[in-house]
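Chemist: Got a file for you: final.txt, compact mmCIF, C-alpha atoms and all ligand atoms.
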```
# COMPACT_ATOMS: atom_id res chain seq x y z
CA MET R 1086 -22.90 26.53 23.49
CA GLN R 1087 -25.72 24.00 23.46
CA LYS R 1088 -24.48 20.52 24.42
CA ARG R 1089 -25.39 17.61 22.14
CA ILE R 1090 -26.13 14.18 23.54
CA LEU R 1091 -26.76 10.83 21.83
CA ILE R 1092 -29.02 8.39 23.68
CA THR R 1093 -29.18 4.82 22.40
CA GLY R 1094 -32.27 2.83 23.32
CA ALA R 1095 -34.14 6.14 23.27
CA ALA R 1096 -37.57 4.60 22.68
CA GLY R 1097 -37.28 2.20 25.59
CA PHE R 1098 -38.48 2.63 29.15
CA LEU R 1099 -35.30 4.19 30.58
CA GLY R 1100 -34.11 5.75 27.31
CA SER R 1101 -37.34 7.71 26.88
CA HIS R 1102 -37.18 9.12 30.41
CA LEU R 1103 -33.56 10.11 29.76
CA CYS R 1104 -34.57 11.91 26.55
CA ASP R 1105 -37.14 13.88 28.58
CA ARG R 1106 -34.57 14.79 31.20
CA PHE R 1107 -31.85 15.95 28.83
CA VAL R 1108 -34.30 17.89 26.68
CA LYS R 1109 -35.36 19.62 29.91
CA GLU R 1110 -31.69 20.33 30.66
CA GLY R 1111 -31.64 22.31 27.40
CA MET R 1112 -29.39 19.91 25.51
CA HIS R 1113 -29.87 18.86 21.88
CA VAL R 1114 -30.94 15.23 22.19
CA ILE R 1115 -30.37 12.68 19.44
CA GLY R 1116 -32.33 9.53 20.19
CA MET R 1117 -31.41 6.25 18.51
CA ASP R 1118 -33.33 2.97 18.59
CA ASN R 1119 -33.92 -0.03 16.33
CA LEU R 1120 -37.39 -0.43 17.88
CA ILE R 1121 -37.03 -4.15 18.56
CA THR R 1122 -38.15 -3.73 22.15
CA GLY R 1123 -38.60 0.06 22.22
CA ASP R 1124 -41.78 1.85 21.22
CA LEU R 1125 -42.06 5.23 19.47
CA LYS R 1126 -45.10 5.96 21.61
CA ASN R 1127 -42.69 6.59 24.50
CA ILE R 1128 -41.06 9.54 22.71
CA GLU R 1129 -43.65 10.76 20.23
CA HIS R 1130 -44.30 13.83 22.40
CA LEU R 1131 -40.69 14.92 21.74
CA PHE R 1132 -40.82 14.87 17.94
CA LYS R 1133 -42.29 18.37 17.74
CA LEU R 1134 -39.31 19.86 19.62
CA LYS R 1135 -36.44 21.60 17.87
CA ASN R 1136 -33.88 20.14 20.27
CA PHE R 1137 -34.86 16.50 19.64
CA GLU R 1138 -34.20 14.25 16.69
CA PHE R 1139 -34.55 10.52 16.20
CA TYR R 1140 -32.52 8.00 14.24
CA HIS R 1141 -34.15 4.65 13.54
CA HIS R 1142 -30.90 2.72 13.60
CA ASP R 1143 -29.39 -0.46 15.02
CA VAL R 1144 -26.34 0.51 17.08
CA THR R 1145 -24.68 -2.84 16.33
CA LYS R 1146 -24.22 -1.53 12.77
CA PHE R 1147 -21.77 1.29 12.02
CA VAL R 1148 -23.03 4.46 13.69
CA PHE R 1149 -22.75 7.83 12.00
CA VAL R 1150 -23.92 11.05 13.65
CA PRO R 1151 -23.04 14.33 11.95
CA GLY R 1152 -21.82 17.30 13.97
CA ASP R 1153 -20.52 17.61 17.49
CA LEU R 1154 -21.37 15.22 20.30
CA HIS R 1155 -20.53 16.02 23.91
CA TYR R 1156 -22.17 13.07 25.64
CA ILE R 1157 -23.34 9.56 24.78
CA LEU R 1158 -25.62 7.42 26.93
CA HIS R 1159 -25.63 3.79 25.82
CA PHE R 1160 -28.96 2.38 26.97
CA ALA R 1161 -29.88 0.15 24.04
CA SER R 1162 -30.48 -3.43 25.17
CA PRO R 1163 -33.27 -5.86 25.83
CA ALA R 1164 -33.59 -5.89 29.61
CA SER R 1165 -35.99 -8.57 30.72
CA PRO R 1166 -35.60 -12.35 31.01
CA ILE R 1167 -38.38 -12.94 28.44
CA ASP R 1168 -36.49 -10.82 25.91
CA TYR R 1169 -33.18 -12.57 26.53
CA LEU R 1170 -34.85 -15.90 25.81
CA LYS R 1171 -36.44 -14.63 22.60
CA ILE R 1172 -33.51 -12.61 21.27
CA PRO R 1173 -30.33 -13.82 22.96
CA ILE R 1174 -28.05 -13.01 20.03
CA GLN R 1175 -29.28 -9.41 19.67
CA THR R 1176 -28.87 -9.12 23.44
CA LEU R 1177 -25.23 -10.18 23.18
CA LYS R 1178 -24.57 -8.03 20.14
CA VAL R 1179 -25.93 -4.75 21.46
CA SER R 1180 -23.72 -4.69 24.54
CA SER R 1181 -20.64 -5.98 22.71
CA LEU R 1182 -20.66 -4.78 19.08
CA GLY R 1183 -23.00 -1.91 19.96
CA THR R 1184 -20.78 -0.76 22.81
CA HIS R 1185 -17.75 -0.98 20.54
CA ASN R 1186 -19.44 1.29 17.99
CA VAL R 1187 -20.51 3.73 20.69
CA LEU R 1188 -17.01 3.90 22.19
CA GLY R 1189 -15.47 4.36 18.73
CA LEU R 1190 -17.91 7.18 17.99
CA ALA R 1191 -17.15 8.80 21.37
CA ARG R 1192 -13.46 8.68 20.56
CA VAL R 1193 -13.90 10.43 17.24
CA LYS R 1194 -16.22 13.05 18.75
CA LYS R 1195 -14.23 13.39 22.01
CA ALA R 1196 -17.50 12.76 23.83
CA ARG R 1197 -18.02 11.48 27.35
CA VAL R 1198 -19.79 8.10 27.42
CA LEU R 1199 -21.96 6.60 30.12
CA VAL R 1200 -22.85 2.94 29.65
CA ALA R 1201 -25.82 1.25 31.29
CA SER R 1202 -24.68 -1.80 33.15
CA THR R 1203 -26.79 -3.75 35.57
CA SER R 1204 -27.07 -5.55 38.89
CA GLU R 1205 -27.11 -8.70 36.71
CA VAL R 1206 -23.31 -8.49 36.61
CA TYR R 1207 -23.54 -9.80 40.19
CA GLY R 1208 -25.52 -12.85 38.98
CA ASP R 1209 -27.12 -14.81 41.82
CA PRO R 1210 -25.13 -12.93 44.46
CA VAL R 1211 -23.61 -14.57 47.52
CA VAL R 1212 -22.61 -11.16 48.92
CA HIS R 1213 -25.53 -9.15 50.27
CA PRO R 1214 -26.15 -6.27 49.82
CA GLN R 1215 -24.11 -5.97 46.63
CA THR R 1216 -21.18 -3.55 46.69
CA GLU R 1217 -19.36 -2.50 43.52
CA GLU R 1218 -16.31 -4.48 44.69
CA TYR R 1219 -18.19 -7.79 44.50
CA TRP R 1220 -17.27 -9.67 41.30
CA GLY R 1221 -20.46 -11.67 41.07
CA ASN R 1222 -21.75 -15.19 40.62
CA VAL R 1223 -22.83 -15.50 36.99
CA ASN R 1224 -23.69 -18.63 34.98
CA PRO R 1225 -22.37 -17.81 31.50
CA VAL R 1226 -24.36 -20.56 29.78
CA GLY R 1227 -27.68 -20.16 31.65
CA PRO R 1228 -30.71 -18.28 30.29
CA ARG R 1229 -29.45 -14.96 31.65
CA GLY R 1230 -25.88 -15.54 30.45
CA CYS R 1231 -26.40 -13.63 27.19
CA TYR R 1232 -27.35 -10.50 29.13
CA ASP R 1233 -25.06 -10.81 32.15
CA GLU R 1234 -21.92 -11.66 30.20
CA ALA R 1235 -22.59 -9.06 27.51
CA LYS R 1236 -22.91 -6.39 30.21
CA ARG R 1237 -19.72 -7.63 31.89
CA PHE R 1238 -17.93 -7.46 28.54
CA MET R 1239 -19.35 -3.96 28.04
CA GLU R 1240 -17.84 -2.84 31.35
CA ALA R 1241 -14.47 -4.37 30.42
CA LEU R 1242 -14.46 -2.76 26.97
CA THR R 1243 -15.44 0.60 28.46
CA MET R 1244 -12.57 0.46 30.97
CA ALA R 1245 -10.20 -0.56 28.17
CA TYR R 1246 -11.15 2.52 26.13
CA ASN R 1247 -10.62 4.63 29.23
CA ASN R 1248 -7.19 3.11 29.84
CA ALA R 1249 -5.97 2.80 26.29
CA HIS R 1250 -7.40 5.98 24.77
CA GLY R 1251 -8.07 8.22 27.75
CA LEU R 1252 -11.75 8.26 26.79
CA GLU R 1253 -14.02 9.84 29.41
CA THR R 1254 -16.21 6.95 30.54
CA ARG R 1255 -18.81 6.32 33.24
CA ILE R 1256 -20.41 3.01 34.23
CA ILE R 1257 -23.71 2.75 36.06
CA ARG R 1258 -25.00 -0.52 37.52
CA ILE R 1259 -28.77 -0.25 37.48
CA PHE R 1260 -30.90 -2.26 39.92
CA ASN R 1261 -34.57 -3.07 39.35
CA THR R 1262 -36.32 0.11 38.24
CA TYR R 1263 -40.00 0.76 37.58
CA GLY R 1264 -42.31 3.50 36.42
CA PRO R 1265 -44.56 4.63 33.59
CA ARG R 1266 -43.68 3.33 30.07
CA MET R 1267 -42.53 -0.10 31.22
CA ARG R 1268 -43.68 -2.55 28.57
CA LEU R 1269 -46.79 -4.34 29.75
CA ASN R 1270 -45.75 -7.66 28.23
CA ASP R 1271 -42.02 -7.65 28.94
CA GLY R 1272 -42.43 -10.36 31.59
CA ARG R 1273 -41.01 -8.25 34.40
CA VAL R 1274 -42.71 -8.68 37.70
CA LEU R 1275 -44.26 -5.23 38.03
CA PRO R 1276 -46.00 -4.99 34.63
CA ALA R 1277 -46.90 -8.68 34.93
CA PHE R 1278 -48.59 -8.21 38.31
CA ILE R 1279 -50.34 -4.92 37.48
CA GLY R 1280 -51.45 -6.23 34.07
CA GLN R 1281 -52.86 -9.37 35.69
CA ALA R 1282 -54.63 -7.33 38.37
CA LEU R 1283 -56.23 -5.12 35.72
CA ARG R 1284 -57.30 -8.08 33.57
CA GLY R 1285 -58.86 -9.89 36.52
CA GLU R 1286 -56.30 -12.70 36.43
CA ASP R 1287 -54.45 -14.24 39.36
CA LEU R 1288 -50.94 -12.92 39.96
CA THR R 1289 -48.22 -15.35 38.88
CA MET R 1290 -45.65 -15.51 41.65
CA PHE R 1291 -42.61 -17.52 40.63
CA GLY R 1292 -41.46 -20.07 43.21
CA ASP R 1293 -42.56 -19.45 46.79
CA GLY R 1294 -42.00 -15.71 46.39
CA SER R 1295 -39.27 -15.61 49.03
CA GLN R 1296 -36.73 -14.19 46.53
CA THR R 1297 -36.10 -10.48 47.07
CA ARG R 1298 -35.72 -7.42 44.87
CA SER R 1299 -35.33 -3.71 45.61
CA PHE R 1300 -37.33 -1.42 43.36
CA CYS R 1301 -36.24 2.08 42.37
CA TYR R 1302 -38.61 4.65 40.89
CA VAL R 1303 -37.49 5.84 37.46
CA ASP R 1304 -37.16 9.56 38.37
CA ASP R 1305 -34.69 8.68 41.13
CA LEU R 1306 -32.68 6.58 38.71
CA VAL R 1307 -32.58 9.34 36.09
CA GLU R 1308 -31.28 11.79 38.71
CA GLY R 1309 -28.53 9.30 39.62
CA ILE R 1310 -27.58 8.91 35.96
CA TYR R 1311 -27.42 12.66 35.50
CA ARG R 1312 -25.19 13.09 38.52
CA LEU R 1313 -22.88 10.26 37.51
CA LEU R 1314 -22.52 11.65 33.99
CA MET R 1315 -21.55 15.04 35.39
CA SER R 1316 -19.12 13.54 37.93
CA ASP R 1317 -15.52 12.57 37.24
CA TYR R 1318 -15.77 9.03 38.67
CA ILE R 1319 -14.83 6.30 36.17
CA TYR R 1320 -15.54 3.10 38.12
CA PRO R 1321 -18.95 1.41 38.32
CA VAL R 1322 -21.55 2.95 40.62
CA ASN R 1323 -24.67 1.14 41.87
CA ILE R 1324 -27.86 3.12 41.47
CA GLY R 1325 -30.98 1.60 42.97
CA ASN R 1326 -33.28 1.73 45.95
CA PRO R 1327 -32.07 -0.37 48.90
CA ASP R 1328 -35.64 -0.86 50.17
CA GLU R 1329 -35.74 -4.66 49.79
CA ILE R 1330 -38.94 -6.72 49.60
CA THR R 1331 -39.85 -10.34 48.86
CA ILE R 1332 -41.76 -10.98 45.66
CA LYS R 1333 -44.62 -12.40 47.73
CA GLU R 1334 -44.93 -9.18 49.74
CA PHE R 1335 -44.63 -7.21 46.53
CA GLY R 1336 -47.53 -9.17 45.02
CA GLU R 1337 -49.60 -8.48 48.13
CA GLU R 1338 -48.83 -4.76 47.82
CA ILE R 1339 -50.02 -4.78 44.21
CA LEU R 1340 -53.24 -6.57 45.16
CA LYS R 1341 -53.88 -3.96 47.82
CA LEU R 1342 -53.00 -1.05 45.54
CA THR R 1343 -55.27 -2.23 42.72
CA GLY R 1344 -58.05 -3.48 44.99
CA ALA R 1345 -58.07 -6.66 42.92
CA ASN R 1346 -59.94 -9.66 44.33
CA GLN R 1347 -57.58 -12.19 42.81
CA LYS R 1348 -54.88 -14.16 44.60
CA LEU R 1349 -51.21 -14.95 44.19
CA ILE R 1350 -50.61 -18.31 42.53
CA SER R 1351 -47.26 -20.04 42.45
CA LYS R 1352 -45.56 -20.85 39.11
CA PRO R 1353 -42.20 -22.58 38.64
CA LEU R 1354 -39.18 -20.47 39.49
CA PRO R 1355 -37.15 -19.73 36.33
CA LYS R 1356 -33.62 -21.13 36.17
CA ASP R 1357 -30.87 -18.97 37.74
CA ASP R 1358 -33.40 -16.51 39.18
CA PRO R 1359 -31.35 -14.52 41.73
CA LYS R 1360 -32.50 -15.27 45.29
CA GLN R 1361 -31.73 -11.86 46.71
CA ARG R 1362 -30.86 -8.42 45.42
CA ARG R 1363 -30.27 -5.12 47.19
CA PRO R 1364 -27.81 -2.41 46.20
CA ASP R 1365 -25.23 -1.04 48.59
CA ILE R 1366 -25.42 2.62 47.56
CA SER R 1367 -22.66 4.01 49.82
CA LYS R 1368 -20.63 5.04 46.76
CA ALA R 1369 -23.53 6.89 45.13
CA ARG R 1370 -24.19 8.66 48.43
CA GLU R 1371 -20.54 9.64 48.90
CA ILE R 1372 -19.51 10.46 45.36
CA LEU R 1373 -22.75 11.79 43.88
CA GLY R 1374 -24.60 12.93 46.99
CA TRP R 1375 -27.45 10.80 45.62
CA GLU R 1376 -30.05 8.65 47.26
CA PRO R 1377 -33.57 7.67 46.22
CA LYS R 1378 -36.37 9.98 47.30
CA VAL R 1379 -39.53 8.28 46.05
CA LYS R 1380 -41.10 5.73 48.39
CA ARG R 1381 -42.49 2.57 46.84
CA ALA R 1382 -46.09 3.41 47.80
CA GLU R 1383 -45.80 6.72 45.96
CA GLY R 1384 -44.00 5.36 42.89
CA LEU R 1385 -46.37 2.40 42.57
CA LYS R 1386 -49.37 4.71 42.63
CA ILE R 1387 -48.04 6.78 39.72
CA THR R 1388 -47.11 3.63 37.80
CA TYR R 1389 -50.52 2.09 38.38
CA GLU R 1390 -52.20 5.25 37.02
CA TYR R 1391 -50.09 4.86 33.88
CA PHE R 1392 -51.10 1.24 33.33
CA LYS R 1393 -54.73 2.12 34.00
CA SER R 1394 -54.58 4.69 31.20
CA LEU R 1395 -53.72 2.03 28.59
CA THR R 1396 -56.46 1.00 26.18
CA GLN R 1397 -58.23 -2.34 26.55
CA ASP R 1398 -56.49 -3.41 23.35
CA GLU R 1399 -53.07 -2.73 24.83
CA LEU R 1400 -54.05 -4.36 28.10
CA PHE R 1401 -55.21 -7.60 26.52
CA LYS R 1402 -52.53 -7.81 23.82
CA THR R 1403 -50.38 -10.12 25.92
CA GLU R 1404 -48.58 -11.93 23.13
CA HIS R 1405 -45.06 -10.81 22.51
CA ARG R 1406 -44.27 -8.53 19.64
CA GLN R 1407 -42.73 -10.32 16.67
CA PHE R 1408 -38.98 -9.87 16.55
CA SER R 1409 -37.44 -9.55 13.13
N1 LIG R 1501 -41.50 -12.80 38.94
C1 LIG R 1501 -42.68 -13.36 39.42
N2 LIG R 1501 -43.76 -13.35 38.59
C2 LIG R 1501 -43.76 -12.82 37.34
C3 LIG R 1501 -42.55 -12.25 36.87
C4 LIG R 1501 -41.44 -12.27 37.70
O1 LIG R 1501 -42.75 -13.85 40.56
O2 LIG R 1501 -44.81 -12.87 36.65
C5 LIG R 1501 -40.31 -12.82 39.84
C6 LIG R 1501 -39.03 -13.33 39.17
O3 LIG R 1501 -38.96 -14.73 39.31
C7 LIG R 1501 -37.97 -12.61 39.95
C8 LIG R 1501 -38.63 -11.28 40.34
O4 LIG R 1501 -40.02 -11.48 40.19
O5 LIG R 1501 -37.64 -13.32 41.12
C9 LIG R 1501 -38.18 -10.12 39.49
O6 LIG R 1501 -38.30 -10.50 38.15
P1 LIG R 1501 -38.05 -9.50 36.94
O7 LIG R 1501 -38.15 -10.30 35.68
O8 LIG R 1501 -38.93 -8.32 37.09
O9 LIG R 1501 -36.56 -8.96 37.14
P2 LIG R 1501 -35.16 -9.66 37.49
O10 LIG R 1501 -35.34 -11.12 37.80
O11 LIG R 1501 -34.32 -9.42 36.30
O12 LIG R 1501 -34.75 -8.90 38.69
```
Once more with this new file: its structure as structure tokens, please.
Ligand code: UDP
Modeler:
Amino acid sequence: MQKRILITGAAGFLGSHLCDRFVKEGMHVIGMDNLITGDLKNIEHLFKLKNFEFYHHDVTKFVFVPGDLHYILHFASPASPIDYLKIPIQTLKVSSLGTHNVLGLARVKKARVLVASTSEVYGDPVVHPQTEEYWGNVNPVGPRGCYDEAKRFMEALTMAYNNAHGLETRIIRIFNTYGPRMRLNDGRVLPAFIGQALRGEDLTMFGDGSQTRSFCYVDDLVEGIYRLLMSDYIYPVNIGNPDEITIKEFGEEILKLTGANQKLISKPLPKDDPKQRRPDISKAREILGWEPKVKRAEGLKITYEYFKSLTQDELFKTEHRQFS
């Protein structure tokens, strides 16, 4: 029997790659998105398929999906600091009310749910690299609080449904991920740097660039998600690439990759910007037999090709979309 899967946030960066993957797996994919930060362009190639359908719906409102559902992936959420600042309340709602709706739906359908949590649950971490056992260092009332705390609540609610109702649940903690279909103007460092390089602008490095991140290519992440969904492990699992780099070095890599003549310029470091981030992926290795395969040089090349293929209009449309 063909399995049916609901993917929330389907028109977003990660959601759209997940739709591709599960369509390829032969499942019937139901994508859902309210299109606040997602873009139909990311999934328009799927609309012609028989095993794909799309609901333009806000998951914070009551969710109805007719027929059987075997799996649900909850990936709806703004996911960049610029978005949290612009739409903090939607950010809080989608991981709290939205997660509640998704879990309720899963219960009715007897579906297995995987929720997308984040390395942000570790806040500005004092334990390095971050293991799943670390409880984090989060400022609830800072600019990232609406995202970090909503995701922490989402994890708690998901565990509660597992405990109280025996619901089959999975929790992934996603570290910085990149690849084609990232939104050019979402403020994240990779689209910011590549966009600036392509427009002939200097690259805006926040602070002195000594803060670190570890970037995972999207195909590796999707493989990790697939394996976690198919596993029977209910506790959070870090998925990310442990190859850590400072933002300054990252900027230099982008300048080299794009051949841009510009330089890195320093801008003020945003409040509560984590100083270091690198996943400990021992659990993913042990439980899922997973580790990233794509080297940064390779992944960046593919991503750069994607951004180069955007129209001049898209490239220069730097203002943020209007949120309703
Ligand atoms: N960053 C930067 N210049 C930019 C955008 C971001 O130097 O134009 C820095 C940011 O301060 C952070 C890192 O790059 O230290 C990663 O930022 P991003 O927003 O991509 O992700 P997150 O902070 O959520 O990991």
Chemist: Need to verify the contact set: Thr1289 (chain R), 12 Å, all atoms listed in the file, exclusion of same-chain residues closer than 2 positions in sequence. Can you return it as an NGL selection string?
Modeler: :R and (1272-1282 or 1286-1287 or 1291-1294 or 1332-1333 or 1335-1337 or 1339-1340 or 1347-1354)
Chemist: Which residue out of R:Glu1218, R:Glu1338, R:Glu1138, R:Asp1328 has the minimum interatomic distance to Lys1386 (chain R) when all atoms listed in the file are used?
Modeler: R:Glu1338
Chemist: Which residue, R:Cys1104, R:Leu1400, R:Cys1231, R:Val1198, has the smallest gap to Lys1171 (chain R) when you use only C-alpha atoms?
Modeler: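 Answer, going by the shortest atom-to-atom distance: R:Cys1231.
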Chemist: Using Å and a single decimal, report how far CA of Leu1385 (chain R) sits from CA of Lys1341 (chain R).
Modeler: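 Computed distance, CA of Lys1341 (chain R) to CA of Leu1385 (chain R), equals 11.2 Å.
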Chemist: Can you pull out every residue within 8 Å of Met1239 (chain R), counting all atoms listed in the file, but drop anything in the same chain fewer than 6 positions away, and send it as a PyMOL selection string?
Modeler: chain R and resi 1180-1181+1184+1200+1202
